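A.B. asks: One file is attached below, final-v6.cif, containing mmCIF, C-alpha atoms.
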```
data_work
loop_
_atom_site.label_atom_id
_atom_site.label_comp_id
_atom_site.auth_asym_id
_atom_site.auth_seq_id
_atom_site.Cartn_x
_atom_site.Cartn_y
_atom_site.Cartn_z
CA MET I 1482 -43.02 12.90 48.49
CA THR I 1483 -45.74 11.07 46.62
CA PHE I 1484 -45.43 8.17 44.22
CA THR I 1485 -48.34 7.94 41.80
CA THR I 1486 -49.39 5.88 38.83
CA ALA I 1487 -52.15 6.42 36.31
CA GLY I 1488 -54.87 3.88 35.74
CA ASP I 1489 -56.45 1.33 37.98
CA GLY I 1490 -53.24 -0.28 39.20
CA ALA I 1491 -53.79 -3.32 37.00
CA GLY I 1492 -51.61 -2.05 34.20
CA GLU I 1493 -54.32 -0.24 32.28
CA GLY I 1494 -53.85 3.47 31.68
CA GLY I 1495 -56.26 6.27 31.09
CA GLY I 1496 -57.68 6.43 34.61
CA ALA I 1497 -57.33 9.07 37.27
CA GLN I 1498 -54.14 9.51 39.25
CA VAL I 1499 -53.98 6.95 42.07
CA GLU I 1500 -51.63 7.67 44.96
CA ARG I 1501 -49.65 4.64 46.08
CA LEU I 1502 -47.22 5.81 48.76
CA VAL I 1503 -46.78 9.13 50.54
CA LEU I 1504 -43.77 9.95 52.71
CA ALA I 1505 -44.24 12.79 55.19
CA ASP I 1506 -41.95 15.79 54.95
CA ASP I 1507 -41.82 16.18 58.75
CA VAL I 1508 -39.07 14.42 60.70
CA ASP I 1509 -39.72 13.27 64.28
CA SER I 1510 -37.30 13.64 67.20
CA ASP I 1511 -35.63 10.31 66.34
CA GLY I 1512 -35.05 11.36 62.72
CA PHE I 1513 -37.85 9.21 61.28
CA ARG I 1514 -40.33 10.18 58.57
CA ALA I 1515 -43.74 8.51 58.47
CA PHE I 1516 -45.57 6.93 55.59
CA LEU I 1517 -48.96 8.59 55.59
CA PRO I 1518 -52.25 6.74 55.13
CA ILE I 1519 -53.62 7.24 51.64
CA ALA I 1520 -56.76 5.22 51.25
CA ALA I 1521 -58.38 3.54 54.24
CA GLY I 1522 -59.35 -0.09 54.00
CA ARG I 1523 -56.21 -1.41 52.31
CA PHE I 1524 -53.87 -4.15 53.58
CA LEU I 1525 -51.27 -1.52 54.50
CA ASP I 1526 -53.61 -0.35 57.29
CA SER I 1527 -52.79 -3.50 59.28
CA PHE I 1528 -49.30 -2.13 59.98
CA GLY I 1529 -50.29 1.21 61.43
CA THR I 1530 -47.66 3.86 60.73
CA ILE I 1531 -44.39 2.68 59.19
CA ARG I 1532 -41.60 5.17 59.90
CA VAL I 1533 -38.31 5.34 57.97
CA ARG I 1534 -34.89 6.85 58.53
CA VAL I 1535 -32.08 6.78 55.98
CA GLU I 1536 -28.80 5.71 57.59
CA GLY I 1537 -26.29 5.94 54.75
CA PRO I 1538 -26.86 3.04 52.34
CA VAL I 1539 -29.31 1.40 54.78
CA VAL I 1540 -32.89 2.45 55.48
CA ARG I 1541 -34.29 1.71 58.95
CA CYS I 1542 -38.03 1.05 58.85
CA ARG I 1543 -39.90 0.88 62.17
CA VAL I 1544 -43.37 -0.35 63.06
CA GLU I 1545 -45.10 -0.58 66.42
CA THR I 1546 -46.50 -3.97 67.41
CA GLY I 1547 -49.34 -4.96 69.70
CA ARG I 1548 -51.75 -7.72 70.56
CA ALA I 1549 -53.32 -7.60 67.09
CA HIS I 1550 -49.93 -8.64 65.65
CA SER I 1551 -49.29 -11.45 68.17
CA ASN I 1552 -49.55 -15.20 68.18
CA VAL I 1553 -50.66 -17.36 71.13
CA SER I 1554 -47.17 -17.05 72.66
CA ASP I 1555 -47.47 -13.23 72.80
CA ASN I 1556 -44.72 -12.97 70.23
CA VAL I 1557 -45.13 -11.08 66.97
CA HIS I 1558 -46.68 -13.48 64.46
CA GLY I 1559 -44.23 -14.63 61.79
CA GLY I 1560 -46.78 -13.85 59.09
CA PHE I 1561 -46.89 -10.23 60.23
CA ILE I 1562 -43.09 -10.03 60.06
CA LEU I 1563 -43.07 -11.54 56.56
CA ALA I 1564 -45.69 -9.06 55.39
CA PHE I 1565 -43.67 -6.25 57.00
CA VAL I 1566 -40.60 -7.40 55.02
CA ASP I 1567 -42.60 -7.16 51.79
CA GLN I 1568 -43.68 -3.60 52.65
CA VAL I 1569 -40.29 -2.29 53.80
CA MET I 1570 -38.58 -3.21 50.55
CA PHE I 1571 -40.80 -0.60 48.87
CA CYS I 1572 -40.55 1.86 51.77
CA ALA I 1573 -36.74 1.77 51.57
CA LEU I 1574 -36.77 2.44 47.83
CA LEU I 1575 -39.12 5.38 48.28
CA ALA I 1576 -37.10 6.81 51.18
CA GLN I 1577 -33.96 6.73 49.01
CA GLU I 1578 -35.90 8.12 46.03
CA ARG I 1579 -35.10 4.97 44.05
CA LEU I 1580 -38.60 3.59 43.51
CA PRO I 1581 -39.11 3.37 39.73
CA ARG I 1582 -41.74 5.71 38.25
CA GLY I 1583 -43.96 2.84 37.17
CA GLY I 1584 -43.47 1.01 40.46
CA ALA I 1585 -42.36 -2.52 41.16
CA VAL I 1586 -43.78 -5.88 42.17
CA THR I 1587 -42.35 -8.49 44.51
CA LEU I 1588 -40.91 -11.52 42.72
CA GLN I 1589 -39.30 -13.15 45.74
CA ALA I 1590 -39.08 -12.52 49.47
CA GLY I 1591 -37.31 -14.90 51.84
CA MET I 1592 -36.95 -14.81 55.60
CA ASN I 1593 -34.75 -16.65 58.07
CA PHE I 1594 -36.04 -16.42 61.64
CA ILE I 1595 -33.41 -16.71 64.38
CA GLY I 1596 -35.37 -15.34 67.32
CA ALA I 1597 -38.78 -14.20 68.49
CA ALA I 1598 -40.04 -10.63 68.62
CA LYS I 1599 -42.19 -9.71 71.63
CA ALA I 1600 -45.54 -8.10 70.86
CA GLY I 1601 -45.85 -4.61 72.33
CA LEU I 1602 -42.38 -3.45 71.30
CA PRO I 1603 -41.45 -1.88 67.95
CA ILE I 1604 -39.58 -3.88 65.34
CA ASP I 1605 -37.08 -2.43 62.91
CA ALA I 1606 -36.11 -3.58 59.44
CA LEU I 1607 -32.70 -2.50 58.19
CA VAL I 1608 -32.99 -2.59 54.40
CA GLU I 1609 -30.13 -2.41 51.91
CA ILE I 1610 -30.27 -2.37 48.12
CA THR I 1611 -27.63 -4.84 46.97
CA GLY I 1612 -28.07 -4.59 43.22
CA GLU I 1613 -30.08 -3.23 40.35
CA THR I 1614 -30.46 -4.12 36.70
CA GLY I 1615 -32.67 -2.64 34.01
CA ARG I 1616 -35.68 -4.62 35.27
CA MET I 1617 -34.76 -5.92 38.73
CA LEU I 1618 -33.94 -4.65 42.22
CA PHE I 1619 -32.23 -6.85 44.81
CA LEU I 1620 -32.50 -6.13 48.52
CA ARG I 1621 -31.51 -7.69 51.83
CA GLY I 1622 -31.84 -6.81 55.44
CA LEU I 1623 -32.23 -7.63 59.10
CA ILE I 1624 -35.20 -7.54 61.43
CA GLU I 1625 -34.32 -6.26 64.90
CA GLN I 1626 -36.11 -5.60 68.15
CA ASP I 1627 -34.57 -3.75 71.07
CA GLY I 1628 -31.06 -4.31 69.66
CA ALA I 1629 -31.46 -8.07 69.11
CA THR I 1630 -31.55 -9.63 65.65
CA ILE I 1631 -34.82 -11.46 65.00
CA GLY I 1632 -34.03 -12.58 61.47
CA SER I 1633 -32.59 -11.83 58.07
CA PHE I 1634 -34.33 -11.43 54.74
CA ASP I 1635 -33.73 -10.93 51.06
CA GLY I 1636 -35.97 -10.01 48.19
CA THR I 1637 -36.19 -9.38 44.48
CA LEU I 1638 -38.47 -6.77 42.94
CA ARG I 1639 -39.31 -6.37 39.27
CA LYS I 1640 -39.69 -2.87 37.92
CA VAL I 1641 -42.93 -2.37 36.04
CA LYS I 1642 -44.17 0.25 33.63
CA TRP I 1643 -47.89 0.80 34.09
CA ALA I 1644 -49.41 2.51 31.07
CA GLY I 1645 -49.51 6.24 31.69
CA ALA I 1646 -47.26 6.19 34.77
CA THR I 1647 -46.00 9.63 35.71
#
```
Go through the file and emit its structure as structure tokens.
C.D. replies:
Amino acid sequence: MTFTTAGDGAGEGGGAQVERLVLADDVDSDGFRAFLPIAAGRFLDSFGTIRVRVEGPVVRCRVETGRAHSNVSDNVHGGFILAFVDQVMFCALLAQERLPRGGAVTLQAGMNFIGAAKAGLPIDALVEITGETGRMLFLRGLIEQDGATIGSFDGTLRKVKWAGAT
């Protein structure tokens, strides 16, 4: 599955098709599908592969962590987790085939940390869409590692209509 928009991504149409997100068709042994790299050198590269699995109304998004994601305490850096939250809101929408054609932008993302995640172990985000209006999407979720809750989050996305979106 590929989500594309026309133009340069800044709201101006008339340009070539630009791929934004690609979800692999193949499912691994744990039932996850991977988001495939599209264009090297983007911020998304810092996550490595994000894998998703739809679990009813919730989408589980998983990312591996390592030293590059750690702070001086060998825990996963909070900034990495916050950035992961921003990404998984879009990953969940795409996995459920609910990402608007023109895309969306983050209006708000909030995080409450209640524990530390150890670097070197995967972290999961369990993402749920809690509401939708004509222009807005509302999401919430939990961050988990090895069965323990690391934190909770919520976010608001605004649907956009880039000129020429397909």
A.B. asks: Between CA of Leu1574 (chain I) and CA of Thr1530 (chain I), what distance in Å does the model show, to one decimal?
C.D. replies: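 Rounded to one decimal, the two atoms are 16.9 Å apart.
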A.B. asks: Report, in Å with one decimal, the straight-line distance from CA of Ala1597 (chain I) to CA of Val1535 (chain I).
C.D. replies: 25.3 Å
A.B. asks: For the atom pair CA of Ala1598 (chain I) and CA of Arg1514 (chain I), what is the interatomic distance in Å to one decimal place?
C.D. replies: 23.1 Å
A.B. asks: Would you pick out the contacts of Phe1516 (chain I) at 8 Å or less, using only C-alpha atoms, so that residues sharing its chain but fewer than 5 positions from it are not included, and give the list as a PDB file with C-alpha atoms, in the coordinates of the input?
C.D. replies:
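Saved result, out.pdb, follows:
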```pdb
ATOM      1  CA  LEU I1502     -47.220   5.810  48.760  1.00  0.00           C
ATOM      2  CA  VAL I1503     -46.780   9.130  50.540  1.00  0.00           C
ATOM      3  CA  LEU I1504     -43.770   9.950  52.710  1.00  0.00           C
ATOM      4  CA  ALA I1505     -44.240  12.790  55.190  1.00  0.00           C
ATOM      5  CA  THR I1530     -47.660   3.860  60.730  1.00  0.00           C
ATOM      6  CA  ILE I1531     -44.390   2.680  59.190  1.00  0.00           C
ATOM      7  CA  ARG I1532     -41.600   5.170  59.900  1.00  0.00           C
ATOM      8  CA  VAL I1533     -38.310   5.340  57.970  1.00  0.00           C
TER       9      VAL I1533
END
```
A.B. asks: Let me know the residues the PyMOL selection byres ((chain I and resi 1623) around 9) catches in the file above, as a PyMOL selection string.
C.D. replies: chain I and resi 1605-1608+1621-1622+1624-1625+1630-1635
A.B. asks: Export, as a short mmCIF file (atom, residue, chain, number, x, y, z; two decimals), keeping the file's coordinate frame, the selected residues with C-alpha atoms.
C.D. replies:
```cif
data_model
loop_
_atom_site.label_atom_id
_atom_site.label_comp_id
_atom_site.auth_asym_id
_atom_site.auth_seq_id
_atom_site.Cartn_x
_atom_site.Cartn_y
_atom_site.Cartn_z
CA ASP I 1605 -37.08 -2.43 62.91
CA ALA I 1606 -36.11 -3.58 59.44
CA LEU I 1607 -32.70 -2.50 58.19
CA VAL I 1608 -32.99 -2.59 54.40
CA ARG I 1621 -31.51 -7.69 51.83
CA GLY I 1622 -31.84 -6.81 55.44
CA ILE I 1624 -35.20 -7.54 61.43
CA GLU I 1625 -34.32 -6.26 64.90
CA THR I 1630 -31.55 -9.63 65.65
CA ILE I 1631 -34.82 -11.46 65.00
CA GLY I 1632 -34.03 -12.58 61.47
CA SER I 1633 -32.59 -11.83 58.07
CA PHE I 1634 -34.33 -11.43 54.74
CA ASP I 1635 -33.73 -10.93 51.06
#
```
A.B. asks: Pick from I:Glu1609, I:Phe1619, I:Leu1575, I:Gly1583: nearest to Gly1537 (chain I), with all atoms listed in the file counted?
C.D. replies: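 Closest candidate: I:Glu1609.
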A.B. asks: Once the PyMOL selection byres ((chain I and resi 1534) around 10) has been applied to the shown file, what residues remain in the selection, as a list in words?
C.D. replies: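 Against this file, the PyMOL selection byres ((chain I and resi 1534) around 10) returns the residues Val1508, Asp1509, Asp1511, Gly1512, Phe1513, Arg1514, Ala1515, Arg1532, Val1533, Val1535, Glu1536, Gly1537, Val1539, Val1540, Arg1541, Cys1542, Arg1543, Ala1573, Ala1576, Gln1577 and Leu1607 of chain I.
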A.B. asks: Find the residue from I:Glu1578, I:Glu1545, I:Asp1627, I:Asp1567 that sits nearest to Phe1528 (chain I); use all atoms listed in the file when measuring.
C.D. replies: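 Among the listed residues, I:Glu1545 lies closest to Phe1528 (chain I).
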A.B. asks: Could you tell me which of I:Arg1616, I:Lys1599, I:His1558, I:Arg1582 comes closest to Trp1643 (chain I) if we count only C-alpha atoms?
C.D. replies: I:Arg1582
A.B. asks: For the provided coordinates, the residues matched by the PyMOL selection byres ((chain I and resi 1589) around 10) should be stated as number ranges by chain.
C.D. replies: I: 1567, 1586-1588, 1590-1591, 1619, 1635-1639
A.B. asks: Could you tell me which of I:Leu1580, I:Ala1600, I:Met1592, I:Leu1620 comes closest to His1550 (chain I) if we count all atoms listed in the file?
C.D. replies: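 Comparing I:Leu1580, I:Ala1600, I:Met1592, I:Leu1620 against His1550 (chain I), the winner is I:Ala1600.
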A.B. asks: Compare I:Ala1549, I:Phe1524, I:Val1544, I:Phe1571 by their minimum atom-to-atom distance to Gly1584 (chain I), counting all atoms listed in the file, and give me the closest one.
C.D. replies: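 When distances to Gly1584 (chain I) are compared using all atoms listed in the file, the smallest one comes from I:Phe1571.
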A.B. asks: Excluding Gly1560 (chain I) and residues on its chain fewer than 3 positions from it, collect all residues at most 12 Å away from it, counting all atoms listed in the file, and give them as a PyMOL selection string.
C.D. replies: chain I and resi 1527+1550-1552+1556-1557+1563-1567+1591-1592+1594
A.B. asks: If I wrap all listed atoms of region 1627-1631 of chain I in a box with edges along x, y and z and add 6 Å on each side, what are its centre and edge lengths in Å to one decimal, as JSON?
C.D. replies:
```
{"center_x": -32.9, "center_y": -7.6, "center_z": 68.0, "size_x": 15.8, "size_y": 19.7, "size_z": 18.1}
```
